[in-house]
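Heads up, the thing below is written out as structure tokens.
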2 protein chains.
Amino acid sequence: MPKIVNHEQKKEYIAAAAWRVILREGMKGATVRGIAQEAGMSLGALRHYFSTQEDLIAYAMQLVRERALLRITANDRPDLPPKIRVLNLLFEVVPWSEDTRAEMDVWLAYVFSLGPKADTLGVQQEMRTGMQSLIAYLSEVRMLREGTDPELAAETLYSLVDGLAMHAYLEPGRLSKERIAAVLTGYLDSICVAEQGG
Amino acid sequence: MPKIVNHEQKKEYIAAAAWRVILREGMKGATVRGIAQEAGMSLGALRHYFSTQEDLIAYAMQLVRERALLRITANDRPDLPPKIRVLNLLFEVVPWSEDTRAEMDVWLAYVFSLGPKADTLGVQQEMRTGMQSLIAYLSEVRMLREGTDPELAAETLYSLVDGLAMHAYLEPGRLSKERIAAVLTGYLDSICVAEQGG
């Protein structure tokens with residue numbers, strides 16, 4: 001009788017092995033052979049789920065993206081005062097916890113391995129749109145300081161978030177959680193009026 | 001009679017070929033063979049100057065770094081009003097002109113190809129120290145707004161500069177020169193008092 005395995009679960013298990021390899025060695029180690037070894041599978045068994053390295057990595061990256069989106073939605077706290085709510089959401093897209101840091105590191109290793117004009121799977125566009133939504137929300141609840149250009153504030157926040165992710169990747173150990181929070185809080189303070197409470 | 005060639009000039013010529021390959025194809029194309037082809041040399045001739053790909057790339061990156069430092073020093077304008085002087089220097093380290101954009105793109109392709117905990121050849125540290133100096137200068141000439149934390153402002157500027165470089169690399173065509181200038185100007189305005197003139 002054949003073993004009953006959930007095809008999708010097995011794919012997720014392989015993707016997780018790919019993440020571990022990328023976090024440890026960067027994309028250089030993320031060959032089909034290296035990932036099969038990490039997953040404790042034969043090359044043949046792995047090829048049953050992914051026929052090429054490109055397929056495997058694209059799947060793993062889409063999974064990173066989906067999980068991040070789920071986590072962001074789950075952790076949104078509409079009950080918080082607006083500025084704190086926005087900060088709380090920003091902490092989901094910067095290297096703030098072990099989870100988000102691993103996500104960012106895997107993503108950066110991946111996207112820069114593609115070379116210039118990479119297909120970023122819509123992730124960069126999504127991040128930029130997300131920043132625009134946060135600023136639009138602050139504007140809606142009348143928290144944006146007079147004279148703040150929403151488009152420019154979103155662009156600035158988008159640069160900050162990715163700059164912080166880049167530095168956490170390149171200089172692990174230097175950029176603390178507290179420092180990341182201070183940079184984001186400082187910028188939000190500069191474009192927001194004083195918080196009025198929830 | 002043997003041809004008289006300047007050894008160092010030839011190395012720079014090869015480094016320039018390496019940059020072109022990296023800009024076109026990312027680090028994937030930057031093999032010794034690919035670079036030799038771009039330089040119009042045989043593999044054997046190239047190996048006379050660089051015995052390994054690592055040597056060649058490390059040399060090319062040091063050259064990027066040295067040229068950037070020379071350009072920054074040459075373009076400093078102590079005669080400008082402080083905030084404009086700082087902006088003018090920042091434009092040398094963001095993807096603002098064709099030169100700086102190529103530099104940033106080559107650098108990002110390189111540094112992310114190394115994987116996590118890369119040896120960034122001191123460049124990231126230099127950039128961070130540079131941002132600290134700019135903020136210290138603004139403080140010295142009493143341009144920093146009261147209550148601005150210089151350390152935090154330097155960290156923010158450092159994140160902005162690299163975030164902008166990253167977006168210019170990943171989304172070429174979207175991030176215009178004007179937009180980059182507006183982000184940097186907007187941030188400086190938020191931490192500086194109104195310019196008093198030179």
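Each chain in the structure tokens gets a letter, A, B and so on, in the order shown; residues start at 1 in every chain, and ligands are counted from 1 in the order they appear.
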May I have a table of the residues of chain A lying at most 10 Å from chain B, giving each one's closest pair of atoms and their distance in Å to one decimal, counting only C-alpha atoms, ordered by chain and ascending residue number, as JSON lines?
{"residue": "A:Ile22", "atom": "CA", "partner": "B:Gly115", "partner_atom": "CA", "distance": 8.1}
{"residue": "A:Leu23", "atom": "CA", "partner": "B:Pro116", "partner_atom": "CA", "distance": 7.0}
{"residue": "A:Arg24", "atom": "CA", "partner": "B:Pro116", "partner_atom": "CA", "distance": 7.2}
{"residue": "A:Glu25", "atom": "CA", "partner": "B:Gly115", "partner_atom": "CA", "distance": 6.0}
{"residue": "A:Gly26", "atom": "CA", "partner": "B:Gly115", "partner_atom": "CA", "distance": 4.1}
{"residue": "A:Met27", "atom": "CA", "partner": "B:Gly115", "partner_atom": "CA", "distance": 6.9}
{"residue": "A:Lys28", "atom": "CA", "partner": "B:Gly115", "partner_atom": "CA", "distance": 7.5}
{"residue": "A:Gly29", "atom": "CA", "partner": "B:Gly115", "partner_atom": "CA", "distance": 9.3}
{"residue": "A:Asp105", "atom": "CA", "partner": "B:Pro116", "partner_atom": "CA", "distance": 7.7}
{"residue": "A:Val106", "atom": "CA", "partner": "B:Pro116", "partner_atom": "CA", "distance": 9.4}
{"residue": "A:Leu108", "atom": "CA", "partner": "B:Phe112", "partner_atom": "CA", "distance": 7.6}
{"residue": "A:Ala109", "atom": "CA", "partner": "B:Phe112", "partner_atom": "CA", "distance": 6.3}
{"residue": "A:Tyr110", "atom": "CA", "partner": "B:Phe112", "partner_atom": "CA", "distance": 9.0}
{"residue": "A:Val111", "atom": "CA", "partner": "B:Leu170", "partner_atom": "CA", "distance": 8.2}
{"residue": "A:Phe112", "atom": "CA", "partner": "B:Phe112", "partner_atom": "CA", "distance": 6.0}
{"residue": "A:Ser113", "atom": "CA", "partner": "B:Ser113", "partner_atom": "CA", "distance": 6.3}
{"residue": "A:Leu114", "atom": "CA", "partner": "B:Gly26", "partner_atom": "CA", "distance": 7.2}
{"residue": "A:Gly115", "atom": "CA", "partner": "B:Gly26", "partner_atom": "CA", "distance": 4.1}
{"residue": "A:Pro116", "atom": "CA", "partner": "B:Gly26", "partner_atom": "CA", "distance": 6.0}
{"residue": "A:Lys117", "atom": "CA", "partner": "B:Leu170", "partner_atom": "CA", "distance": 5.7}
{"residue": "A:Ala118", "atom": "CA", "partner": "B:Leu170", "partner_atom": "CA", "distance": 6.3}
{"residue": "A:Asp119", "atom": "CA", "partner": "B:Leu170", "partner_atom": "CA", "distance": 8.4}
{"residue": "A:Thr120", "atom": "CA", "partner": "B:Leu170", "partner_atom": "CA", "distance": 7.6}
{"residue": "A:Gln124", "atom": "CA", "partner": "B:Leu170", "partner_atom": "CA", "distance": 8.3}
{"residue": "A:Gln125", "atom": "CA", "partner": "B:Glu171", "partner_atom": "CA", "distance": 9.1}
{"residue": "A:Thr148", "atom": "CA", "partner": "B:Gly186", "partner_atom": "CA", "distance": 9.2}
{"residue": "A:Asp149", "atom": "CA", "partner": "B:Gly186", "partner_atom": "CA", "distance": 9.3}
{"residue": "A:Leu152", "atom": "CA", "partner": "B:Val183", "partner_atom": "CA", "distance": 6.4}
{"residue": "A:Ala153", "atom": "CA", "partner": "B:Val183", "partner_atom": "CA", "distance": 7.9}
{"residue": "A:Ala154", "atom": "CA", "partner": "B:Val183", "partner_atom": "CA", "distance": 9.7}
{"residue": "A:Glu155", "atom": "CA", "partner": "B:Val183", "partner_atom": "CA", "distance": 7.2}
{"residue": "A:Thr156", "atom": "CA", "partner": "B:Val183", "partner_atom": "CA", "distance": 5.8}
{"residue": "A:Leu157", "atom": "CA", "partner": "B:Leu160", "partner_atom": "CA", "distance": 8.5}
{"residue": "A:Tyr158", "atom": "CA", "partner": "B:Gly163", "partner_atom": "CA", "distance": 7.6}
{"residue": "A:Ser159", "atom": "CA", "partner": "B:Gly163", "partner_atom": "CA", "distance": 4.2}
{"residue": "A:Leu160", "atom": "CA", "partner": "B:Leu160", "partner_atom": "CA", "distance": 5.0}
{"residue": "A:Val161", "atom": "CA", "partner": "B:Gly163", "partner_atom": "CA", "distance": 7.3}
{"residue": "A:Asp162", "atom": "CA", "partner": "B:Gly163", "partner_atom": "CA", "distance": 5.1}
{"residue": "A:Gly163", "atom": "CA", "partner": "B:Gly163", "partner_atom": "CA", "distance": 3.9}
{"residue": "A:Leu164", "atom": "CA", "partner": "B:Ser159", "partner_atom": "CA", "distance": 5.5}
{"residue": "A:Ala165", "atom": "CA", "partner": "B:Gly163", "partner_atom": "CA", "distance": 8.7}
{"residue": "A:Met166", "atom": "CA", "partner": "B:Asp162", "partner_atom": "CA", "distance": 7.6}
{"residue": "A:His167", "atom": "CA", "partner": "B:Ser159", "partner_atom": "CA", "distance": 7.5}
{"residue": "A:Ala168", "atom": "CA", "partner": "B:Lys117", "partner_atom": "CA", "distance": 9.6}
{"residue": "A:Tyr169", "atom": "CA", "partner": "B:Pro116", "partner_atom": "CA", "distance": 6.2}
{"residue": "A:Leu170", "atom": "CA", "partner": "B:Lys117", "partner_atom": "CA", "distance": 5.7}
{"residue": "A:Glu171", "atom": "CA", "partner": "B:Lys117", "partner_atom": "CA", "distance": 6.6}
{"residue": "A:Pro172", "atom": "CA", "partner": "B:Lys117", "partner_atom": "CA", "distance": 6.8}
{"residue": "A:Gly173", "atom": "CA", "partner": "B:Lys117", "partner_atom": "CA", "distance": 9.7}
{"residue": "A:Leu175", "atom": "CA", "partner": "B:Glu155", "partner_atom": "CA", "distance": 9.4}
{"residue": "A:Arg179", "atom": "CA", "partner": "B:Leu152", "partner_atom": "CA", "distance": 7.9}
{"residue": "A:Ile180", "atom": "CA", "partner": "B:Glu155", "partner_atom": "CA", "distance": 9.1}
{"residue": "A:Ala182", "atom": "CA", "partner": "B:Leu152", "partner_atom": "CA", "distance": 7.3}
{"residue": "A:Val183", "atom": "CA", "partner": "B:Thr156", "partner_atom": "CA", "distance": 5.8}
{"residue": "A:Leu184", "atom": "CA", "partner": "B:Thr156", "partner_atom": "CA", "distance": 8.4}
{"residue": "A:Gly186", "atom": "CA", "partner": "B:Leu152", "partner_atom": "CA", "distance": 8.0}
{"residue": "A:Tyr187", "atom": "CA", "partner": "B:Thr156", "partner_atom": "CA", "distance": 8.1}
{"residue": "A:Ser190", "atom": "CA", "partner": "B:Ser190", "partner_atom": "CA", "distance": 6.4}
{"residue": "A:Ile191", "atom": "CA", "partner": "B:Ser190", "partner_atom": "CA", "distance": 8.3}
Exercise for the section: Could you give me, as a VMD selection string, the residues within 12 Å of Val86 of chain A, counting only C-alpha atoms and dropping anything in the same chain fewer than 4 positions from it? Expected result: chain A and resid 72 75 to 82 90 to 93 130 to 139 141 143 157 181 184 to 185 187 to 189 192 195
Exercise for the section: Determine which residues of chain B DSSP labels as alpha helix (DSSP H) from the backbone of this structure, then write them out as a PyMOL selection string. Expected result: chain B and resi 7-25+32-39+43-47+53-75+82-90+98-113+123-140+150-170+177-191
Practice task
Please measure the separation of atom CA of Glu103 of chain A and atom CA of Lys11 of chain A, giving the value in Å to one decimal.
Solution key: 17.7 Å
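With distances restricted to only C-alpha atoms, B:Tyr13 is the closest residue to Ala39 of chain B from B:Glu98, B:Val64, B:Thr52, B:Tyr13.
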Practice task
Might you pull out every residue within 8 Å of segment 31-37 of chain B, with only C-alpha atoms counted and same-chain residues fewer than 6 positions away left off, and present them as a PyMOL selection string?
Solution key: chain B and resi 14+17-18+21+43+46+52-53
With C-alpha atoms retained, could you export that selection as a PDB file, in the first residue's frame?
ATOM      1  CA  ILE B  14      39.856  44.379 -17.122  1.00  0.00           C
ATOM      2  CA  ALA B  17      35.034  44.922 -18.452  1.00  0.00           C
ATOM      3  CA  ALA B  18      33.962  43.109 -15.257  1.00  0.00           C
ATOM      4  CA  VAL B  21      29.333  42.249 -17.427  1.00  0.00           C
ATOM      5  CA  LEU B  43      41.728  33.442 -20.803  1.00  0.00           C
ATOM      6  CA  LEU B  46      43.701  37.590 -18.375  1.00  0.00           C
ATOM      7  CA  THR B  52      41.356  33.771  -9.800  1.00  0.00           C
ATOM      8  CA  GLN B  53      37.857  35.177 -10.278  1.00  0.00           C
TER       9      GLN B  53
END
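The shortest atom-to-atom distance to Thr100 of chain A, with only C-alpha atoms taken into account, belongs to A:Arg67 out of A:Arg145, A:Arg85, A:Arg67, A:Arg20.
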Exercise for the section: Quick one: everything within 9 Å of Val123 of chain B, counting only C-alpha atoms, minus sequence neighbours fewer than 4 positions away in the same chain. Send it as a ChimeraX atom specification. Expected result: /B:65,127-128
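Using only C-alpha atoms, the smallest distance between any of B:Tyr49, B:Trp96, B:Trp19, B:Tyr59 and Lys177 of chain B comes from B:Trp96.
From atom CA of Asn6 of chain A back to atom CA of Leu121 of chain A, the distance works out to 26.1 Å.
Between atom CA of Glu146 of chain A and atom CA of Thr129 of chain A the interatomic distance comes to 22.1 Å.
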